[in-house]
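Content type compact mmCIF, C-alpha atoms and all ligand atoms, from the file final.txt:
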```txt
# COMPACT_ATOMS: atom_id res chain seq x y z
CA ALA A 289 151.16 78.92 -66.81
CA LEU A 290 154.71 78.23 -67.88
CA GLN A 291 155.81 74.66 -67.06
CA ALA A 292 158.87 74.03 -69.20
CA VAL A 293 161.66 75.70 -71.12
CA ILE A 294 163.02 73.98 -74.22
CA PHE A 295 166.49 75.04 -75.28
CA ASP A 296 168.22 74.76 -78.62
CA LEU A 297 171.85 73.63 -78.32
CA ASP A 298 174.15 75.02 -81.00
CA GLY A 299 174.42 78.79 -80.66
CA VAL A 300 172.32 78.92 -77.44
CA ILE A 301 174.04 76.66 -74.91
CA ALA A 302 177.21 75.71 -76.79
CA ASP A 303 179.60 77.88 -78.71
CA THR A 304 179.27 75.66 -81.78
CA ALA A 305 177.41 77.82 -84.32
CA VAL A 306 180.83 79.11 -85.39
CA VAL A 307 182.21 75.56 -85.56
CA HIS A 308 179.37 74.37 -87.84
CA ASP A 309 179.85 77.51 -89.92
CA ALA A 310 183.61 76.95 -90.28
CA ALA A 311 183.10 73.30 -91.28
CA TRP A 312 180.59 74.24 -94.01
CA ARG A 313 182.86 77.05 -95.20
CA ARG A 314 185.79 74.66 -95.50
CA LEU A 315 183.70 72.15 -97.44
CA ALA A 316 182.38 74.90 -99.74
CA GLN A 317 185.87 76.17 -100.42
CA GLU A 318 187.25 72.71 -101.16
CA THR A 319 184.42 71.88 -103.55
CA GLY A 320 184.30 75.31 -105.24
CA LEU A 321 180.83 76.21 -103.98
CA PRO A 322 179.96 79.83 -103.20
CA PHE A 323 179.49 80.67 -99.50
CA ASP A 324 178.70 83.95 -97.77
CA ALA A 325 177.26 85.24 -94.49
CA SER A 326 173.65 85.06 -95.70
CA ILE A 327 174.02 81.37 -96.60
CA GLY A 328 175.71 80.84 -93.22
CA GLU A 329 172.70 82.38 -91.46
CA ARG A 330 170.27 80.16 -93.40
CA LEU A 331 172.15 77.00 -92.37
CA LYS A 332 171.68 77.70 -88.66
CA GLY A 333 169.31 75.22 -87.02
CA VAL A 334 168.82 73.26 -90.27
CA ASP A 335 169.82 69.59 -90.17
CA ARG A 336 172.91 68.27 -91.94
CA MET A 337 171.45 67.14 -95.26
CA GLY A 338 169.04 70.09 -95.36
CA SER A 339 172.03 72.38 -94.90
CA LEU A 340 173.86 70.63 -97.73
CA ASP A 341 170.87 71.13 -100.03
CA ILE A 342 171.02 74.87 -99.29
CA LEU A 343 174.75 74.89 -100.04
CA LEU A 344 174.20 73.04 -103.33
CA GLU A 345 171.48 75.46 -104.52
CA ARG A 346 174.24 77.43 -106.20
CA ALA A 347 176.15 74.45 -107.57
CA GLY A 348 176.51 74.34 -111.34
CA ARG A 349 175.47 70.70 -111.56
CA ALA A 350 173.36 68.03 -109.89
CA TYR A 351 174.90 65.85 -107.18
CA SER A 352 174.07 62.17 -106.76
CA ALA A 353 172.78 60.78 -103.47
CA GLU A 354 176.15 59.08 -102.89
CA GLU A 355 178.06 62.31 -103.49
CA LYS A 356 175.77 64.17 -101.09
CA LEU A 357 176.21 61.56 -98.40
CA ALA A 358 179.99 61.78 -98.76
CA LEU A 359 179.92 65.60 -98.55
CA GLY A 360 177.71 65.49 -95.45
CA GLU A 361 180.06 63.01 -93.80
CA ARG A 362 183.08 65.15 -94.65
CA LYS A 363 181.50 68.20 -93.07
CA ASN A 364 180.66 66.15 -90.01
CA ASP A 365 184.29 64.94 -89.75
CA TYR A 366 185.50 68.56 -89.77
CA TYR A 367 182.93 69.43 -87.11
CA ARG A 368 183.74 66.45 -84.86
CA GLU A 369 187.47 67.13 -85.10
CA GLN A 370 186.72 70.34 -83.21
CA ILE A 371 184.12 69.21 -80.67
CA GLN A 372 186.24 66.23 -79.57
CA ARG A 373 188.32 68.87 -77.80
CA PHE A 374 185.37 70.62 -76.19
CA GLY A 375 184.80 70.84 -72.43
CA PRO A 376 182.76 73.02 -70.03
CA ASP A 377 184.72 76.07 -71.27
CA GLN A 378 182.75 75.92 -74.50
CA LEU A 379 179.44 76.52 -72.71
CA LEU A 380 178.19 79.95 -73.75
CA PRO A 381 178.18 82.57 -70.95
CA GLY A 382 175.16 82.24 -68.67
CA ALA A 383 174.04 78.89 -70.13
CA ARG A 384 174.58 76.74 -67.06
CA ALA A 385 173.08 79.38 -64.74
CA ALA A 386 170.01 79.82 -66.97
CA ILE A 387 169.31 76.07 -67.03
CA ALA A 388 169.83 75.86 -63.26
CA ALA A 389 167.46 78.80 -62.67
CA VAL A 390 164.74 77.12 -64.73
CA ARG A 391 165.10 73.95 -62.63
CA ALA A 392 165.17 75.95 -59.39
CA ALA A 393 161.89 77.62 -60.42
CA GLY A 394 160.34 74.13 -60.53
CA LEU A 395 160.04 74.01 -64.32
CA LYS A 396 161.11 71.20 -66.63
CA VAL A 397 164.07 71.56 -68.98
CA GLY A 398 164.10 70.14 -72.51
CA LEU A 399 166.51 70.12 -75.42
CA ALA A 400 165.46 70.45 -79.08
CA SER A 401 168.60 70.20 -81.17
CA ALA A 402 168.70 69.21 -84.83
CA SER A 403 172.22 67.92 -84.27
CA ARG A 404 173.00 64.21 -84.24
CA ASN A 405 176.06 65.20 -82.24
CA ALA A 406 173.94 66.66 -79.42
CA PRO A 407 174.34 63.77 -76.92
CA LEU A 408 178.14 63.77 -77.35
CA LEU A 409 178.30 67.54 -77.05
CA LEU A 410 176.15 67.67 -73.88
CA GLU A 411 178.41 65.09 -72.25
CA ARG A 412 181.52 67.04 -73.19
CA LEU A 413 180.02 70.26 -71.84
CA GLY A 414 179.09 68.49 -68.59
CA VAL A 415 175.41 69.49 -68.66
CA ALA A 416 173.63 66.35 -69.94
CA HIS A 417 172.26 65.56 -66.45
CA LEU A 418 170.49 68.94 -66.23
CA PHE A 419 167.94 68.01 -68.92
CA ASP A 420 164.68 66.21 -68.21
CA TYR A 421 164.21 65.26 -71.86
CA ILE A 422 166.43 65.41 -74.94
CA VAL A 423 164.95 64.92 -78.40
CA ASP A 424 166.94 62.44 -80.41
CA ALA A 425 167.56 64.22 -83.72
CA ALA A 426 167.87 60.84 -85.43
CA HIS A 427 164.17 60.16 -84.74
CA ILE A 428 162.90 63.43 -86.21
CA GLN A 429 161.56 63.35 -89.77
CA ARG A 430 161.20 67.07 -90.49
CA SER A 431 163.80 69.76 -89.96
CA LYS A 432 163.20 73.15 -88.29
CA PRO A 433 161.19 75.31 -89.25
CA ASP A 434 158.77 72.35 -89.00
CA PRO A 435 157.35 72.19 -85.44
CA GLU A 436 158.03 68.43 -85.06
CA ILE A 437 161.17 68.74 -82.90
CA PHE A 438 159.69 71.20 -80.36
CA LEU A 439 156.43 69.22 -80.23
CA ALA A 440 158.42 66.03 -79.58
CA ALA A 441 160.29 67.77 -76.75
CA ALA A 442 157.03 68.99 -75.15
CA ALA A 443 155.51 65.50 -75.46
CA GLY A 444 158.61 63.93 -73.93
CA LEU A 445 158.40 66.34 -71.00
CA GLY A 446 154.68 65.66 -70.63
CA VAL A 447 153.85 69.36 -70.92
CA ALA A 448 151.33 71.03 -73.27
CA PRO A 449 153.09 73.08 -75.98
CA ALA A 450 151.28 76.26 -74.87
CA ALA A 451 152.95 75.90 -71.44
CA CYS A 452 156.45 75.76 -73.00
CA LEU A 453 158.90 78.51 -73.84
CA GLY A 454 161.40 77.86 -76.67
CA VAL A 455 164.88 79.39 -76.82
CA GLU A 456 166.65 79.60 -80.21
CA ASP A 457 169.45 81.39 -82.09
CA ALA A 458 168.18 80.58 -85.60
CA ALA A 459 165.31 82.09 -87.56
CA ALA A 460 164.32 78.56 -88.64
CA GLY A 461 164.21 77.59 -84.96
CA VAL A 462 162.02 80.52 -83.94
CA ALA A 463 159.63 79.57 -86.76
CA SER A 464 159.60 75.97 -85.47
CA ILE A 465 158.79 77.16 -81.92
CA HIS A 466 155.92 79.34 -83.15
CA ALA A 467 154.54 76.59 -85.37
CA ALA A 468 154.50 74.37 -82.26
CA GLY A 469 152.33 76.96 -80.49
CA MET A 470 155.01 78.18 -78.07
CA ALA A 471 156.43 81.61 -77.32
CA ALA A 472 160.03 82.20 -78.45
CA VAL A 473 163.10 83.79 -76.96
CA GLY A 474 165.66 84.63 -79.65
CA ILE A 475 169.35 84.62 -78.78
CA GLY A 476 171.46 86.88 -80.96
CA GLN A 477 170.94 89.83 -83.28
CA PRO A 478 167.38 91.27 -83.32
CA SER A 479 167.71 91.76 -87.10
CA ALA A 480 168.02 87.99 -87.68
CA LEU A 481 165.33 87.09 -85.10
CA ALA A 482 162.60 89.65 -85.76
CA GLN A 483 159.78 87.13 -85.16
CA ALA A 484 160.74 86.22 -81.59
CA GLU A 485 158.66 87.73 -78.74
CA THR A 486 161.87 88.54 -76.85
CA VAL A 487 165.42 88.83 -78.18
CA LEU A 488 168.42 88.66 -75.83
CA PRO A 489 172.10 88.97 -76.73
CA GLY A 490 172.87 85.76 -74.79
CA LEU A 491 171.67 83.55 -71.91
CA SER A 492 173.50 85.82 -69.43
CA ALA A 493 170.57 88.18 -69.91
CA PHE A 494 167.94 85.43 -69.41
CA ARG A 495 165.80 85.84 -66.25
CA ILE A 496 163.23 83.09 -65.81
CA GLU A 497 161.20 85.41 -63.54
CA ASP A 498 160.44 87.57 -66.61
CA PHE A 499 158.53 84.65 -68.15
CA ILE A 500 156.60 83.44 -65.11
CA SER A 501 153.40 85.44 -64.88
CA SER A 502 152.93 87.52 -61.72
CA GLU A 503 149.50 86.07 -60.77
CA GLU A 504 151.27 82.87 -59.82
CA ALA A 505 154.08 84.48 -57.89
P1 LIG B 1 174.76 67.68 -87.09
P2 LIG B 1 170.79 73.13 -83.21
C1 LIG B 1 171.88 72.35 -85.52
O1 LIG B 1 171.84 72.31 -84.12
C2 LIG B 1 172.87 73.40 -86.01
O2 LIG B 1 172.40 74.70 -85.74
C3 LIG B 1 173.04 73.26 -87.49
O3 LIG B 1 174.00 74.19 -87.96
C4 LIG B 1 173.48 71.83 -87.84
O4 LIG B 1 173.58 71.66 -89.24
C5 LIG B 1 172.45 70.86 -87.28
O5 LIG B 1 172.34 71.05 -85.89
C6 LIG B 1 172.81 69.42 -87.56
O6 LIG B 1 173.99 69.06 -86.88
O7 LIG B 1 175.43 67.75 -88.43
O8 LIG B 1 175.72 67.70 -85.92
O9 LIG B 1 173.75 66.57 -87.00
O10 LIG B 1 171.05 74.59 -83.46
O11 LIG B 1 169.41 72.65 -83.64
O12 LIG B 1 171.17 72.68 -81.83
MG MG B 2 170.99 76.72 -82.88
```

Since I need it in another form, could you write the structure as structure tokens?
Amino acid sequence: ALQAVIFDLDGVIADTAVVHDAAWRRLAQETGLPFDASIGERLKGVDRMGSLDILLERAGRAYSAEEKLALGERKNDYYREQIQRFGPDQLLPGARAAIAAVRAAGLKVGLASASRNAPLLLERLGVAHLFDYIVDAAHIQRSKPDPEIFLAAAAGLGVAPAACLGVEDAAAGVASIHAAGMAAVGIGQPSALAQAETVLPGLSAFRIEDFISSEEA
């Protein structure tokens, strides 16, 4: 039986996928690295340095560890410039209601975000208090699609992975959810999220009743 729902943050709850994308685009432009929509899609859900490695795949030369660190910090500065100004208006449509409905159904609510900015962002959006457990991205060793982050969220909630539902906007995130032994709801374009059991255009279309089996009702 379903006992918990674990949400991704960027692109599911917060309208930040576009902000991350714009920050990477700016960095790519300034450093003369190629960037297109397919690279943008691959960066979704991948942690900062993992994203940079993807960006540098097409670089004409090798970058030192110091250079990489500086590039990652620069991208993060561009990103934080934007989210400093965020408030509840930057919640995606239906996000607050979906989280509230999960709580009202008596289920636990977790967050599995690869972002080190997640705690700041949740505060700004005014929803931090709605989560029973938030995975600290700084304590995760392996990036999505590795299952570590969703497994850590389930463990923190005290719920078996098989009793959790994961919600993600990134293909890497859906893969992480499946590797953790959970069912996945994809948020976005079906073409980019073909592996998810259910794909919804946004959380406005999320009905927790659809995921609670009828024998228990
Ligand atoms: P930061 P999520 C991910 O968050 C984003 O999708 C991804 O684009 C970003 O690179 C990653 O967080 C790391 O973010 O640089 O803020 O630590 O989708 O897992 O909530
Ligand atoms: Mg995401």

What are the closest atom pairs, with distances in Å to one decimal, for all residues of chain A lying within 12 Å of ligand MG 2 (chain B)? Consider only C-alpha atoms and all ligand atoms, order rows by chain and residue number, and present the result as a tab-separated table.
```
residue	atom	partner	partner_atom	distance
A:Phe295	CA	B:MG2	MG	9.0
A:Asp296	CA	B:MG2	MG	5.4
A:Leu297	CA	B:MG2	MG	5.6
A:Asp298	CA	B:MG2	MG	4.1
A:Gly299	CA	B:MG2	MG	4.6
A:Val300	CA	B:MG2	MG	6.0
A:Ile301	CA	B:MG2	MG	8.5
A:Ala302	CA	B:MG2	MG	8.8
A:Asp303	CA	B:MG2	MG	9.6
A:Thr304	CA	B:MG2	MG	8.4
A:Ala305	CA	B:MG2	MG	6.7
A:Val306	CA	B:MG2	MG	10.4
A:Val307	CA	B:MG2	MG	11.6
A:His308	CA	B:MG2	MG	10.0
A:Asp309	CA	B:MG2	MG	11.3
A:Glu329	CA	B:MG2	MG	10.4
A:Arg330	CA	B:MG2	MG	11.1
A:Leu331	CA	B:MG2	MG	9.6
A:Lys332	CA	B:MG2	MG	5.9
A:Gly333	CA	B:MG2	MG	4.7
A:Val334	CA	B:MG2	MG	8.4
A:Asp335	CA	B:MG2	MG	10.3
A:Leu399	CA	B:MG2	MG	10.9
A:Ala400	CA	B:MG2	MG	9.2
A:Ser401	CA	B:MG2	MG	7.2
A:Ala402	CA	B:MG2	MG	8.1
A:Ser403	CA	B:MG2	MG	9.0
A:Ala406	CA	B:MG2	MG	11.0
A:Lys432	CA	B:MG2	MG	10.1
A:Pro433	CA	B:MG2	MG	11.8
A:Gly454	CA	B:MG2	MG	11.5
A:Val455	CA	B:MG2	MG	9.0
A:Glu456	CA	B:MG2	MG	5.9
A:Asp457	CA	B:MG2	MG	5.0
A:Ala458	CA	B:MG2	MG	5.5
A:Ala459	CA	B:MG2	MG	9.1
A:Ala460	CA	B:MG2	MG	9.0
A:Gly461	CA	B:MG2	MG	7.1
A:Val462	CA	B:MG2	MG	9.8
A:Ser464	CA	B:MG2	MG	11.7
A:Gly474	CA	B:MG2	MG	10.1
A:Ile475	CA	B:MG2	MG	9.1
A:Gly476	CA	B:MG2	MG	10.4
```

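Between CA of Ala468 (chain A) and CA of Glu436 (chain A) the interatomic distance comes to 7.5 Å.
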
Requested in this report: Compare A:Ala385, A:Ala325, A:Ala425, A:Leu445 by their minimum atom-to-atom distance to ligand LIG 1 (chain B), counting all atoms listed in the file, and give me the closest one.
Outcome: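 Under the stated criterion, the closest residue is A:Ala425.
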
Would you compute an axis-aligned box for ligand LIG 1 (chain B), covering every atom listed for it in the file with 8 Å of margin on each side, and report centre and edge lengths in Å to one decimal as JSON?
```
{"center_x": 172.6, "center_y": 70.6, "center_z": -85.5, "size_x": 22.3, "size_y": 24.1, "size_z": 23.4}
```

Report summary line: The distance between atom O4 of ligand LIG 1 (chain B) and CA of Glu318 (chain A) is 18.2 Å

Query - Distance in Å - CA of Met470 (chain A) versus CA of Pro435 (chain A) - result: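 Straight-line distance from CA of Met470 (chain A) to CA of Pro435 (chain A) works out to 9.8 Å.
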
Query - Expected residue set, 9 Å radius at (176.3, 77.9, -71.2), all atoms listed in the file, as a ChimeraX atom specification - result: /A:300-303,376-387,413,415,491-492

Query raised in the report: Between A:Ala448, A:Gln477, A:Ile422, A:Ile437, which one has atoms that come closest to Ala463 (chain A), using all atoms listed in the file?
Result: A:Ile437

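Each of A:Asp434, A:Ala393, A:Ala388, A:Ala347 was checked against ligand LIG 1 (chain B) using only C-alpha atoms and all ligand atoms; the smallest atom-to-atom distance is that of A:Asp434.
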
Query raised in the report: Can you tell me, as a ChimeraX atom specification, what residues are no more than 12 Å from Ser501 (chain A) when counting all atoms listed in the file, ignoring any on the same chain fewer than 4 positions away?
Result: /A:289-291,451,496-497,505

Query - Nearest-residue call for ligand LIG 1 (chain B), choices A:Ala292, A:Ala353, A:Ile371, A:Val487, using all atoms listed in the file - result: A:Ile371

**Report entry** Neighbour list for Pro322 (chain A) as number ranges by chain, cut-off 12 Å, all atoms listed in the file, skip fewer than 4 positions in-chain
**Finding:** A: 312-318, 326-328, 342-348

Query raised in the report: In terms of the shortest atom-to-atom distance over all atoms listed in the file, which of A:Phe323, A:Ile294, A:Lys363, A:Tyr351 is closest to ligand LIG 1 (chain B)?
Result: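 Smallest distance to ligand LIG 1 (chain B) is found for A:Lys363.
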
**Report entry** Counting only C-alpha atoms and all ligand atoms, the option among A:Glu411, A:Asp420, A:Glu361, A:Asp498 closest to ligand LIG 1 (chain B)
**Finding:**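 So, comparing all the options, the nearest one is A:Glu361.
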
Could you rebuild region 417-444 of chain A with N, CA and C atoms and give me the result as a tab-separated table (two decimals), keeping the file's coordinate frame?
```tsv
chain	number	residue	atom	x	y	z
A	417	HIS	N	173.13	65.95	-67.58
A	417	HIS	CA	172.26	65.56	-66.45
A	417	HIS	C	171.26	66.65	-66.06
A	418	LEU	N	171.40	67.85	-66.59
A	418	LEU	CA	170.49	68.94	-66.23
A	418	LEU	C	169.20	68.94	-67.05
A	419	PHE	N	169.12	68.05	-68.05
A	419	PHE	CA	167.94	68.01	-68.92
A	419	PHE	C	166.99	66.88	-68.54
A	420	ASP	N	165.70	67.22	-68.49
A	420	ASP	CA	164.68	66.21	-68.21
A	420	ASP	C	164.35	65.39	-69.45
A	421	TYR	N	164.49	66.01	-70.62
A	421	TYR	CA	164.21	65.26	-71.86
A	421	TYR	C	164.99	65.87	-73.02
A	422	ILE	N	165.63	64.99	-73.78
A	422	ILE	CA	166.43	65.41	-74.94
A	422	ILE	C	165.84	64.73	-76.16
A	423	VAL	N	165.49	65.52	-77.18
A	423	VAL	CA	164.95	64.92	-78.40
A	423	VAL	C	166.11	64.32	-79.18
A	424	ASP	N	165.94	63.10	-79.59
A	424	ASP	CA	166.94	62.44	-80.41
A	424	ASP	C	166.74	62.87	-81.86
A	425	ALA	N	167.68	63.66	-82.37
A	425	ALA	CA	167.56	64.22	-83.72
A	425	ALA	C	167.42	63.13	-84.78
A	426	ALA	N	167.93	61.94	-84.47
A	426	ALA	CA	167.87	60.84	-85.43
A	426	ALA	C	166.44	60.33	-85.61
A	427	HIS	N	165.55	60.64	-84.65
A	427	HIS	CA	164.17	60.16	-84.74
A	427	HIS	C	163.21	61.22	-85.26
A	428	ILE	N	163.73	62.34	-85.70
A	428	ILE	CA	162.90	63.43	-86.21
A	428	ILE	C	162.87	63.35	-87.74
A	429	GLN	N	161.68	63.45	-88.30
A	429	GLN	CA	161.56	63.35	-89.77
A	429	GLN	C	161.74	64.70	-90.45
A	430	ARG	N	161.23	65.76	-89.82
A	430	ARG	CA	161.20	67.07	-90.49
A	430	ARG	C	162.02	68.10	-89.73
A	431	SER	N	162.86	68.77	-90.49
A	431	SER	CA	163.80	69.76	-89.96
A	431	SER	C	163.08	71.03	-89.52
A	432	LYS	N	163.65	71.80	-88.56
A	432	LYS	CA	163.20	73.15	-88.29
A	432	LYS	C	163.22	73.88	-89.65
A	433	PRO	N	162.24	74.67	-90.03
A	433	PRO	CA	161.19	75.31	-89.25
A	433	PRO	C	159.95	74.47	-88.96
A	434	ASP	N	159.92	73.19	-89.34
A	434	ASP	CA	158.77	72.35	-89.00
A	434	ASP	C	158.69	72.25	-87.46
A	435	PRO	N	157.47	72.23	-86.90
A	435	PRO	CA	157.35	72.19	-85.44
A	435	PRO	C	157.68	70.84	-84.79
A	436	GLU	N	157.89	69.79	-85.60
A	436	GLU	CA	158.03	68.43	-85.06
A	436	GLU	C	158.98	68.32	-83.86
A	437	ILE	N	160.16	68.93	-83.95
A	437	ILE	CA	161.17	68.74	-82.90
A	437	ILE	C	160.75	69.37	-81.57
A	438	PHE	N	160.14	70.57	-81.61
A	438	PHE	CA	159.69	71.20	-80.36
A	438	PHE	C	158.46	70.48	-79.80
A	439	LEU	N	157.60	69.99	-80.69
A	439	LEU	CA	156.43	69.22	-80.23
A	439	LEU	C	156.88	67.91	-79.58
A	440	ALA	N	157.91	67.29	-80.15
A	440	ALA	CA	158.42	66.03	-79.58
A	440	ALA	C	159.04	66.29	-78.20
A	441	ALA	N	159.69	67.43	-78.05
A	441	ALA	CA	160.29	67.77	-76.75
A	441	ALA	C	159.19	67.98	-75.71
A	442	ALA	N	158.13	68.74	-76.08
A	442	ALA	CA	157.03	68.99	-75.15
A	442	ALA	C	156.37	67.66	-74.75
A	443	ALA	N	156.14	66.79	-75.74
A	443	ALA	CA	155.51	65.50	-75.46
A	443	ALA	C	156.38	64.67	-74.52
A	444	GLY	N	157.68	64.67	-74.77
A	444	GLY	CA	158.61	63.93	-73.93
A	444	GLY	C	158.64	64.44	-72.50
```
